[in-house]
Amino acid sequence: MRVGTCKAVSGKIEKGSLTVATFHEKGLKIPVLIARGEEPGKTIFISAGMHGDEINGIEVIRHFIEQISPEKLKGTIIFLPILNPWGFKQKSRFIPFDNKDLNRCFNKKGRSVSYKIARTLMKSVVSKCDFGIDLHDGRTNLLLPHTRIFKKDKCKYLKELSHAFGSEIILQREGERGMMAIESFNAYKTPVLTVEVGGALVLREEFISQVLDGLKNILIYSGLLNGILKLPVRQFFLDERIGYHAPTHGILHIEVELGEAVKKGQLIASIYNPIENQELKIKSKNPGVVFSLRRDAIINKGESILSILHFKLERRRREIIPLQAKMLINRTKPEEIITRPTIILNNLLSILGLSYKIVGESLKESLKMLDEYFKLAKHKH
Ligand SMILES: [Zn+2]
């Protein structure tokens with residue numbers, strides 16, 4: 001196995017580079033590292049920095065490489081720590097040679113540099129892998145770390161990976177043509193899981209460490225590493241949210257923090273419009289937990305301020321029900337499963353009172369899948 005100049009060596013992590021395209025007769029190179037175990041297993045890739053201004057994923061890969069011992073691996077991991085080093089140098093999302101978003105250029109015909117880069121990545125990396133993980137970040141918004149799958153995804157294994165990663169939120173969205181995660185499956189039946197680390201031009205150490213745990217879970221689930229999954233008791237399957245948008249332009253004051261629980265009617269933000277000398281207050285429509293937050297304090301009319309994972313409160317029955325999400329409950333047999341508490345729900349219960357019951361639709365198909373894993377794990381350990 002070889003990617004560019006990087007050749008896999010059993011029990012070692014090797015370094016090299018891959019020429020992904022040429023521009024004015026100059027080769028455009030990205031760094032490649034390959035960790036190969038001493039025993040056979042799946043081949044996967046982990047990539048970051050497709051958008052040059054998304055930095056947390058790059059740090060995740062750096063730490064992950066420090067943490068893994070290749071001699072304990074069963075299989076091979078191809079690391080692509082930065083897919084767009086040219087955008088990175090300019091703090092830009094785009095490939096600067098043609099100003100295209102690389103994540104819309106996969107599986108497309110065209111002579112532009114970005115299409116060529118995408119084609120090389122598909123041929124030299126994606127086609128050789130059983131699956132891949134692509135790390136992204138928020139841009140204008142800070143987000144709680146989560147995995148993303150697309151509504152049109154027909155791949156069952158991708159859904160399993162999204163659970164096994166263990167983020168509390170799995171976001172389902174429409175997706176667009178040309179995205180690596182969509183086109184890899186179309187072209188080679190290679191599932192690619194998108195992971196949002198969550199920062200936006202700022203490093204978030206706590207998110208980086210959550211994502212490192214998630215990657216470890218993925219290696220365990222896919223048989224590349226021995227171990228036990230660590231999953232939250234509950235995970236939420238969230239559809240694309242309609243967040244709170246600015247009713248006017250102005251200076252944004254956000255009154256809540258990422259992951260904070262809010263009550264219905266609580267002040268979450270205010271916008272001061274210095275031209276009209278007006279202040280507008282924005283309140284939470286329901287109880288919930290803050291999922292994303294705008295980074296910049298200057299805001300235009302219609303731009304997103306924040307989004308909340310909302311719950312409905314049934315006071316009489318003392319129940320809380322997720323509104324825009326389906327809920328997966330992982331703790332079927334607590335004695336067999338190593339889990340961790342769901343911080344989102346703990347935060348919510350801490351402001352609502354612990355006497356509330358959580359009501360949600362459990363996803364039977366996924367429960368079955370996790371049950372299978374735990375049966376296997378029990379035999380192995
Ligand atoms: Zn991105």
# chains A, B, ... in the order shown; residues from 1 in each chain; ligands from 1
>>> closest_atom_pairs(of="range 72-165 of chain A", to="range 213-234 of chain A", cutoff="10 Å", atoms="only C-alpha atoms", output="CSV")
residue,atom,partner,partner_atom,distance
A:Lys72,CA,A:Leu225,CA,6.9
A:Leu73,CA,A:Leu225,CA,5.5
A:Lys74,CA,A:Leu224,CA,4.5
A:Gly75,CA,A:Leu224,CA,5.8
A:Thr76,CA,A:Leu224,CA,7.9
A:Ile77,CA,A:Leu224,CA,9.0
A:Asp130,CA,A:Ser222,CA,9.8
A:Phe131,CA,A:Ser222,CA,9.6
A:Ile133,CA,A:Leu215,CA,8.6
A:Pro145,CA,A:Gly214,CA,9.9
A:His146,CA,A:Gly214,CA,9.6
A:Thr147,CA,A:Gly214,CA,9.6
A:Tyr157,CA,A:Ser222,CA,9.8
A:Glu160,CA,A:Tyr221,CA,8.9
A:Leu161,CA,A:Ile218,CA,6.5
A:Ser162,CA,A:Ile218,CA,8.7
A:His163,CA,A:Leu231,CA,8.4
A:Ala164,CA,A:Ile218,CA,6.1
A:Phe165,CA,A:Gly214,CA,4.4
>>> write_last_selection(atoms="N, CA and C atoms", output="PDB file, in the first residue's frame")
ATOM      1  N   LYS A  72      -0.276  -1.946  17.750  1.00  0.00           N
ATOM      2  CA  LYS A  72      -1.538  -2.472  18.295  1.00  0.00           C
ATOM      3  C   LYS A  72      -2.682  -2.445  17.279  1.00  0.00           C
ATOM      4  N   LEU A  73      -2.431  -1.808  16.134  1.00  0.00           N
ATOM      5  CA  LEU A  73      -3.494  -1.680  15.129  1.00  0.00           C
ATOM      6  C   LEU A  73      -3.701  -2.976  14.349  1.00  0.00           C
ATOM      7  N   LYS A  74      -4.969  -3.191  13.958  1.00  0.00           N
ATOM      8  CA  LYS A  74      -5.241  -4.261  12.995  1.00  0.00           C
ATOM      9  C   LYS A  74      -5.761  -3.573  11.744  1.00  0.00           C
ATOM     10  N   GLY A  75      -4.872  -3.364  10.790  1.00  0.00           N
ATOM     11  CA  GLY A  75      -5.280  -2.660   9.585  1.00  0.00           C
ATOM     12  C   GLY A  75      -4.423  -1.427   9.367  1.00  0.00           C
ATOM     13  N   THR A  76      -4.932  -0.516   8.553  1.00  0.00           N
ATOM     14  CA  THR A  76      -4.120   0.619   8.093  1.00  0.00           C
ATOM     15  C   THR A  76      -4.923   1.915   8.178  1.00  0.00           C
ATOM     16  N   ILE A  77      -4.272   2.974   8.662  1.00  0.00           N
ATOM     17  CA  ILE A  77      -4.918   4.301   8.654  1.00  0.00           C
ATOM     18  C   ILE A  77      -4.077   5.256   7.808  1.00  0.00           C
ATOM     19  N   ASP A 130     -11.831   1.255   3.079  1.00  0.00           N
ATOM     20  CA  ASP A 130     -13.131   0.680   3.443  1.00  0.00           C
ATOM     21  C   ASP A 130     -14.087   1.770   3.908  1.00  0.00           C
ATOM     22  N   PHE A 131     -13.542   2.773   4.578  1.00  0.00           N
ATOM     23  CA  PHE A 131     -14.333   3.961   4.901  1.00  0.00           C
ATOM     24  C   PHE A 131     -13.400   5.106   5.265  1.00  0.00           C
ATOM     25  N   ILE A 133     -13.038   9.167   7.436  1.00  0.00           N
ATOM     26  CA  ILE A 133     -13.580  10.167   8.366  1.00  0.00           C
ATOM     27  C   ILE A 133     -13.046  11.515   7.909  1.00  0.00           C
ATOM     28  N   PRO A 145     -19.601  19.470  19.202  1.00  0.00           N
ATOM     29  CA  PRO A 145     -19.086  18.426  18.305  1.00  0.00           C
ATOM     30  C   PRO A 145     -20.191  17.439  17.926  1.00  0.00           C
ATOM     31  N   HIS A 146     -20.231  17.062  16.661  1.00  0.00           N
ATOM     32  CA  HIS A 146     -21.245  16.095  16.223  1.00  0.00           C
ATOM     33  C   HIS A 146     -20.826  15.429  14.921  1.00  0.00           C
ATOM     34  N   THR A 147     -21.499  14.332  14.613  1.00  0.00           N
ATOM     35  CA  THR A 147     -21.280  13.680  13.325  1.00  0.00           C
ATOM     36  C   THR A 147     -22.412  14.081  12.396  1.00  0.00           C
ATOM     37  N   TYR A 157     -23.812   1.096   7.152  1.00  0.00           N
ATOM     38  CA  TYR A 157     -22.585   1.133   7.957  1.00  0.00           C
ATOM     39  C   TYR A 157     -22.239   2.560   8.385  1.00  0.00           C
ATOM     40  N   GLU A 160     -24.178   3.362  11.364  1.00  0.00           N
ATOM     41  CA  GLU A 160     -23.581   2.698  12.529  1.00  0.00           C
ATOM     42  C   GLU A 160     -22.369   3.474  13.030  1.00  0.00           C
ATOM     43  N   LEU A 161     -21.518   3.904  12.083  1.00  0.00           N
ATOM     44  CA  LEU A 161     -20.328   4.663  12.483  1.00  0.00           C
ATOM     45  C   LEU A 161     -20.716   5.965  13.182  1.00  0.00           C
ATOM     46  N   SER A 162     -21.783   6.589  12.685  1.00  0.00           N
ATOM     47  CA  SER A 162     -22.198   7.865  13.290  1.00  0.00           C
ATOM     48  C   SER A 162     -22.620   7.661  14.751  1.00  0.00           C
ATOM     49  N   HIS A 163     -23.244   6.518  15.045  1.00  0.00           N
ATOM     50  CA  HIS A 163     -23.566   6.206  16.448  1.00  0.00           C
ATOM     51  C   HIS A 163     -22.329   5.863  17.240  1.00  0.00           C
ATOM     52  N   ALA A 164     -21.502   4.993  16.636  1.00  0.00           N
ATOM     53  CA  ALA A 164     -20.343   4.453  17.352  1.00  0.00           C
ATOM     54  C   ALA A 164     -19.357   5.560  17.713  1.00  0.00           C
ATOM     55  N   PHE A 165     -19.305   6.612  16.912  1.00  0.00           N
ATOM     56  CA  PHE A 165     -18.439   7.751  17.216  1.00  0.00           C
ATOM     57  C   PHE A 165     -18.760   8.286  18.623  1.00  0.00           C
TER      58      PHE A 165
END
>>> residues_near_ligand(ligand="ligand 1", cutoff="9 Å", atoms="only C-alpha atoms and all ligand atoms", output="PyMOL selection string")
chain A and resi 48-54+93+103+134-139+196
>>> atom_distance(atom1="CA of Arg315 in chain A", atom2="CA of Ser355 in chain A")
10.5 Å
>>> residues_around(residues="range 254-265 of chain A", least_positions_apart="2", cutoff="10 Å", atoms="only C-alpha atoms", output="PyMOL selection string")
chain A and resi 142-144+251-252+267-271+282-295+297+305-313+343-352
>>> write_last_selection(atoms="C-alpha atoms", output="short mmCIF file (atom, residue, chain, number, x, y, z; two decimals), in the first residue's frame")
data_model
loop_
_atom_site.label_atom_id
_atom_site.label_comp_id
_atom_site.auth_asym_id
_atom_site.auth_seq_id
_atom_site.Cartn_x
_atom_site.Cartn_y
_atom_site.Cartn_z
CA LEU A 142 -19.27 27.53 17.09
CA LEU A 143 -20.94 24.13 17.27
CA LEU A 144 -21.15 21.30 19.76
CA ILE A 251 -24.11 44.57 17.41
CA LEU A 252 -24.87 41.16 18.82
CA LEU A 267 -33.23 36.03 27.19
CA ILE A 268 -30.68 34.45 24.84
CA ALA A 269 -29.39 37.43 22.87
CA SER A 270 -29.90 41.10 22.18
CA ILE A 271 -29.02 43.18 19.15
CA ILE A 282 -34.40 37.58 21.58
CA LYS A 283 -35.89 34.95 23.84
CA SER A 284 -35.91 31.15 23.76
CA LYS A 285 -39.11 29.69 22.32
CA ASN A 286 -38.82 26.47 24.30
CA PRO A 287 -36.55 24.86 26.87
CA GLY A 288 -33.44 23.34 25.35
CA VAL A 289 -29.68 23.24 25.03
CA VAL A 290 -27.64 25.69 22.94
CA PHE A 291 -26.21 23.75 19.97
CA SER A 292 -24.53 26.49 17.91
CA LEU A 293 -23.46 30.09 18.49
CA ARG A 294 -22.38 32.90 16.20
CA ARG A 295 -18.75 33.92 16.67
CA ALA A 297 -20.46 40.33 17.24
CA ILE A 305 -27.45 34.04 15.79
CA LEU A 306 -27.63 30.62 17.40
CA SER A 307 -29.55 27.37 17.40
CA ILE A 308 -31.04 25.37 20.22
CA LEU A 309 -31.89 21.69 20.54
CA HIS A 310 -35.41 22.25 21.80
CA PHE A 311 -37.54 20.11 24.07
CA LYS A 312 -41.23 20.26 24.86
CA LEU A 313 -42.17 20.27 28.50
CA ILE A 343 -24.32 16.11 29.16
CA ILE A 344 -27.08 17.78 27.12
CA LEU A 345 -29.78 16.12 29.19
CA ASN A 346 -27.97 16.57 32.46
CA ASN A 347 -27.71 20.29 31.76
CA LEU A 348 -31.40 20.47 30.91
CA LEU A 349 -32.52 18.51 33.95
CA SER A 350 -30.36 20.70 36.17
CA ILE A 351 -32.50 23.74 35.35
CA LEU A 352 -35.86 21.97 34.99
#
>>> residues_around(residues="Glu176 in chain A", least_positions_apart="6", cutoff="10 Å", atoms="only C-alpha atoms", output="list in words")
Asn103, Arg104, Phe150, Ile182 and Glu183 of chain A
>>> write_last_selection(atoms="C-alpha atoms", output="PDB file, in the first residue's frame")
ATOM      1  CA  ASN A 103     -16.007  20.010  -0.893  1.00  0.00           C
ATOM      2  CA  ARG A 104     -18.237  20.710  -3.909  1.00  0.00           C
ATOM      3  CA  PHE A 150     -27.029  12.878   4.830  1.00  0.00           C
ATOM      4  CA  ILE A 182     -21.652  11.904  -0.818  1.00  0.00           C
ATOM      5  CA  GLU A 183     -19.530  11.268  -3.897  1.00  0.00           C
TER       6      GLU A 183
END
>>> residues_around(residues="Cys6 in chain A", least_positions_apart="4", cutoff="9 Å", atoms="only C-alpha atoms", output="MDAnalysis selection string")
chainID A and resid 1:2 14:18 32:34
>>> closest_residue(among="A:Ala200, A:Leu323, A:Cys155, A:Ala187", to="Phe237 in chain A", atoms="only C-alpha atoms")
A:Leu323
>>> select_by_dssp(residues="range 115-258 of chain A", states="helix (DSSP H, G or I)", output="NGL selection string")
:A and (115-124 or 126-128 or 156-165 or 180-188 or 205-221)
>>> write_last_selection(atoms="N, CA and C atoms", output="short mmCIF file (atom, residue, chain, number, x, y, z; two decimals), in the first residue's frame")
data_model
loop_
_atom_site.label_atom_id
_atom_site.label_comp_id
_atom_site.auth_asym_id
_atom_site.auth_seq_id
_atom_site.Cartn_x
_atom_site.Cartn_y
_atom_site.Cartn_z
N TYR A 115 -11.07 20.54 -9.12
CA TYR A 115 -11.59 19.26 -9.63
C TYR A 115 -10.49 18.22 -9.72
N LYS A 116 -9.30 18.69 -10.14
CA LYS A 116 -8.16 17.77 -10.26
C LYS A 116 -7.76 17.25 -8.88
N ILE A 117 -7.71 18.15 -7.91
CA ILE A 117 -7.35 17.73 -6.54
C ILE A 117 -8.36 16.67 -6.07
N ALA A 118 -9.63 16.95 -6.28
CA ALA A 118 -10.68 16.01 -5.85
C ALA A 118 -10.52 14.66 -6.54
N ARG A 119 -10.21 14.69 -7.84
CA ARG A 119 -10.04 13.43 -8.58
C ARG A 119 -8.86 12.62 -8.04
N THR A 120 -7.75 13.31 -7.76
CA THR A 120 -6.58 12.60 -7.21
C THR A 120 -6.90 11.98 -5.86
N LEU A 121 -7.59 12.74 -5.01
CA LEU A 121 -7.94 12.22 -3.68
C LEU A 121 -8.81 10.97 -3.81
N MET A 122 -9.76 11.03 -4.74
CA MET A 122 -10.65 9.88 -4.93
C MET A 122 -9.85 8.66 -5.37
N LYS A 123 -8.98 8.87 -6.36
CA LYS A 123 -8.26 7.74 -6.96
C LYS A 123 -7.16 7.21 -6.02
N SER A 124 -6.42 8.13 -5.41
CA SER A 124 -5.25 7.70 -4.64
C SER A 124 -5.59 7.31 -3.20
N VAL A 126 -9.45 7.51 -1.52
CA VAL A 126 -10.81 7.00 -1.26
C VAL A 126 -11.02 5.59 -1.83
N SER A 127 -10.54 5.38 -3.06
CA SER A 127 -10.76 4.08 -3.72
C SER A 127 -10.07 2.93 -3.00
N LYS A 128 -9.06 3.25 -2.18
CA LYS A 128 -8.31 2.20 -1.48
C LYS A 128 -8.87 1.90 -0.10
N LYS A 156 -25.86 1.69 5.42
CA LYS A 156 -26.20 1.35 6.81
C LYS A 156 -24.96 1.49 7.70
N TYR A 157 -23.81 1.10 7.15
CA TYR A 157 -22.58 1.13 7.96
C TYR A 157 -22.24 2.56 8.39
N LEU A 158 -22.53 3.53 7.52
CA LEU A 158 -22.25 4.92 7.86
C LEU A 158 -23.10 5.36 9.07
N LYS A 159 -24.33 4.91 9.09
CA LYS A 159 -25.21 5.21 10.20
C LYS A 159 -24.65 4.59 11.50
N GLU A 160 -24.18 3.36 11.36
CA GLU A 160 -23.58 2.70 12.53
C GLU A 160 -22.37 3.47 13.03
N LEU A 161 -21.52 3.90 12.08
CA LEU A 161 -20.33 4.66 12.48
C LEU A 161 -20.72 5.97 13.18
N SER A 162 -21.78 6.59 12.68
CA SER A 162 -22.20 7.86 13.29
C SER A 162 -22.62 7.66 14.75
N HIS A 163 -23.24 6.52 15.05
CA HIS A 163 -23.57 6.21 16.45
C HIS A 163 -22.33 5.86 17.24
N ALA A 164 -21.50 4.99 16.64
CA ALA A 164 -20.34 4.45 17.35
C ALA A 164 -19.36 5.56 17.71
N PHE A 165 -19.31 6.61 16.91
CA PHE A 165 -18.44 7.75 17.22
C PHE A 165 -18.76 8.29 18.62
N MET A 180 -17.46 15.40 -0.71
CA MET A 180 -16.70 14.16 -0.62
C MET A 180 -17.50 13.04 0.02
N ALA A 181 -18.21 13.36 1.09
CA ALA A 181 -18.95 12.33 1.83
C ALA A 181 -20.04 11.68 0.96
N ILE A 182 -20.59 12.44 0.04
CA ILE A 182 -21.65 11.90 -0.82
C ILE A 182 -21.05 11.18 -2.02
N GLU A 183 -20.06 11.80 -2.64
CA GLU A 183 -19.53 11.27 -3.90
C GLU A 183 -18.63 10.04 -3.69
N SER A 184 -18.01 9.91 -2.52
CA SER A 184 -17.17 8.73 -2.26
C SER A 184 -18.01 7.47 -2.31
N PHE A 185 -19.21 7.59 -1.77
CA PHE A 185 -20.10 6.42 -1.78
C PHE A 185 -20.64 6.19 -3.18
N ASN A 186 -20.98 7.26 -3.87
CA ASN A 186 -21.46 7.12 -5.26
C ASN A 186 -20.42 6.47 -6.15
N ALA A 187 -19.16 6.88 -6.00
CA ALA A 187 -18.12 6.41 -6.93
C ALA A 187 -17.55 5.06 -6.53
N TYR A 188 -17.30 4.85 -5.24
CA TYR A 188 -16.58 3.64 -4.82
C TYR A 188 -17.28 2.85 -3.72
N GLU A 205 -10.08 23.04 23.10
CA GLU A 205 -9.40 21.83 23.58
C GLU A 205 -10.39 20.76 24.01
N GLU A 206 -11.51 21.18 24.65
CA GLU A 206 -12.46 20.16 25.14
C GLU A 206 -13.14 19.46 23.97
N PHE A 207 -13.33 20.17 22.87
CA PHE A 207 -13.93 19.54 21.69
C PHE A 207 -12.94 18.59 21.03
N ILE A 208 -11.69 19.04 20.96
CA ILE A 208 -10.65 18.20 20.37
C ILE A 208 -10.57 16.88 21.13
N SER A 209 -10.64 16.95 22.45
CA SER A 209 -10.53 15.70 23.21
C SER A 209 -11.78 14.82 23.06
N GLN A 210 -12.95 15.43 22.91
CA GLN A 210 -14.15 14.62 22.62
C GLN A 210 -14.04 13.91 21.29
N VAL A 211 -13.49 14.60 20.29
CA VAL A 211 -13.37 14.00 18.96
C VAL A 211 -12.30 12.90 18.97
N LEU A 212 -11.23 13.09 19.75
CA LEU A 212 -10.22 12.03 19.88
C LEU A 212 -10.86 10.76 20.45
N ASP A 213 -11.71 10.92 21.46
CA ASP A 213 -12.43 9.76 22.02
C ASP A 213 -13.32 9.12 20.96
N GLY A 214 -13.96 9.96 20.16
CA GLY A 214 -14.85 9.47 19.10
C GLY A 214 -14.09 8.66 18.06
N LEU A 215 -12.91 9.15 17.68
CA LEU A 215 -12.10 8.42 16.68
C LEU A 215 -11.67 7.07 17.24
N LYS A 216 -11.34 7.07 18.53
CA LYS A 216 -10.96 5.80 19.17
C LYS A 216 -12.14 4.82 19.13
N ASN A 217 -13.33 5.34 19.43
CA ASN A 217 -14.55 4.51 19.32
C ASN A 217 -14.69 3.91 17.93
N ILE A 218 -14.44 4.74 16.92
CA ILE A 218 -14.58 4.28 15.52
C ILE A 218 -13.59 3.14 15.23
N LEU A 219 -12.36 3.30 15.71
CA LEU A 219 -11.36 2.24 15.48
C LEU A 219 -11.79 0.95 16.16
N ILE A 220 -12.34 1.07 17.37
CA ILE A 220 -12.80 -0.11 18.10
C ILE A 220 -13.97 -0.76 17.37
N TYR A 221 -14.92 0.07 16.98
CA TYR A 221 -16.13 -0.47 16.33
C TYR A 221 -15.79 -1.17 15.01
#
>>> select_by_dssp(residues="range 141-361 of chain A", states="strand (DSSP E)", output="ChimeraX atom specification")
/A:141-143,146-150,169-173,192-196,231-232,234-239,244-245,250-254,261-262,267-273,278-283,288-294,298-299,304-314,319-322,325-329,339-340,357-358
>>> decode(residues="range 296-321 of chain A", atoms="C-alpha atoms", output="PDB file, in the first residue's frame")
ATOM      1  CA  ASP A 296     -18.775  37.508  15.350  1.00  0.00           C
ATOM      2  CA  ALA A 297     -20.461  40.331  17.240  1.00  0.00           C
ATOM      3  CA  ILE A 298     -21.436  42.270  14.123  1.00  0.00           C
ATOM      4  CA  ILE A 299     -24.534  40.879  12.474  1.00  0.00           C
ATOM      5  CA  ASN A 300     -26.681  41.574   9.428  1.00  0.00           C
ATOM      6  CA  LYS A 301     -30.413  41.154   9.174  1.00  0.00           C
ATOM      7  CA  GLY A 302     -31.297  37.491   8.524  1.00  0.00           C
ATOM      8  CA  GLU A 303     -27.984  36.026   9.664  1.00  0.00           C
ATOM      9  CA  SER A 304     -27.939  33.144  12.114  1.00  0.00           C
ATOM     10  CA  ILE A 305     -27.450  34.039  15.793  1.00  0.00           C
ATOM     11  CA  LEU A 306     -27.628  30.618  17.399  1.00  0.00           C
ATOM     12  CA  SER A 307     -29.550  27.372  17.398  1.00  0.00           C
ATOM     13  CA  ILE A 308     -31.039  25.369  20.223  1.00  0.00           C
ATOM     14  CA  LEU A 309     -31.888  21.693  20.539  1.00  0.00           C
ATOM     15  CA  HIS A 310     -35.406  22.252  21.805  1.00  0.00           C
ATOM     16  CA  PHE A 311     -37.543  20.108  24.067  1.00  0.00           C
ATOM     17  CA  LYS A 312     -41.234  20.257  24.862  1.00  0.00           C
ATOM     18  CA  LEU A 313     -42.174  20.266  28.496  1.00  0.00           C
ATOM     19  CA  GLU A 314     -45.251  18.331  29.671  1.00  0.00           C
ATOM     20  CA  ARG A 315     -45.593  19.770  33.158  1.00  0.00           C
ATOM     21  CA  ARG A 316     -48.539  17.640  34.231  1.00  0.00           C
ATOM     22  CA  ARG A 317     -46.941  14.354  33.263  1.00  0.00           C
ATOM     23  CA  ARG A 318     -43.472  15.634  34.224  1.00  0.00           C
ATOM     24  CA  GLU A 319     -42.095  14.677  30.830  1.00  0.00           C
ATOM     25  CA  ILE A 320     -39.599  16.284  28.456  1.00  0.00           C
ATOM     26  CA  ILE A 321     -39.788  15.360  24.795  1.00  0.00           C
TER      27      ILE A 321
END
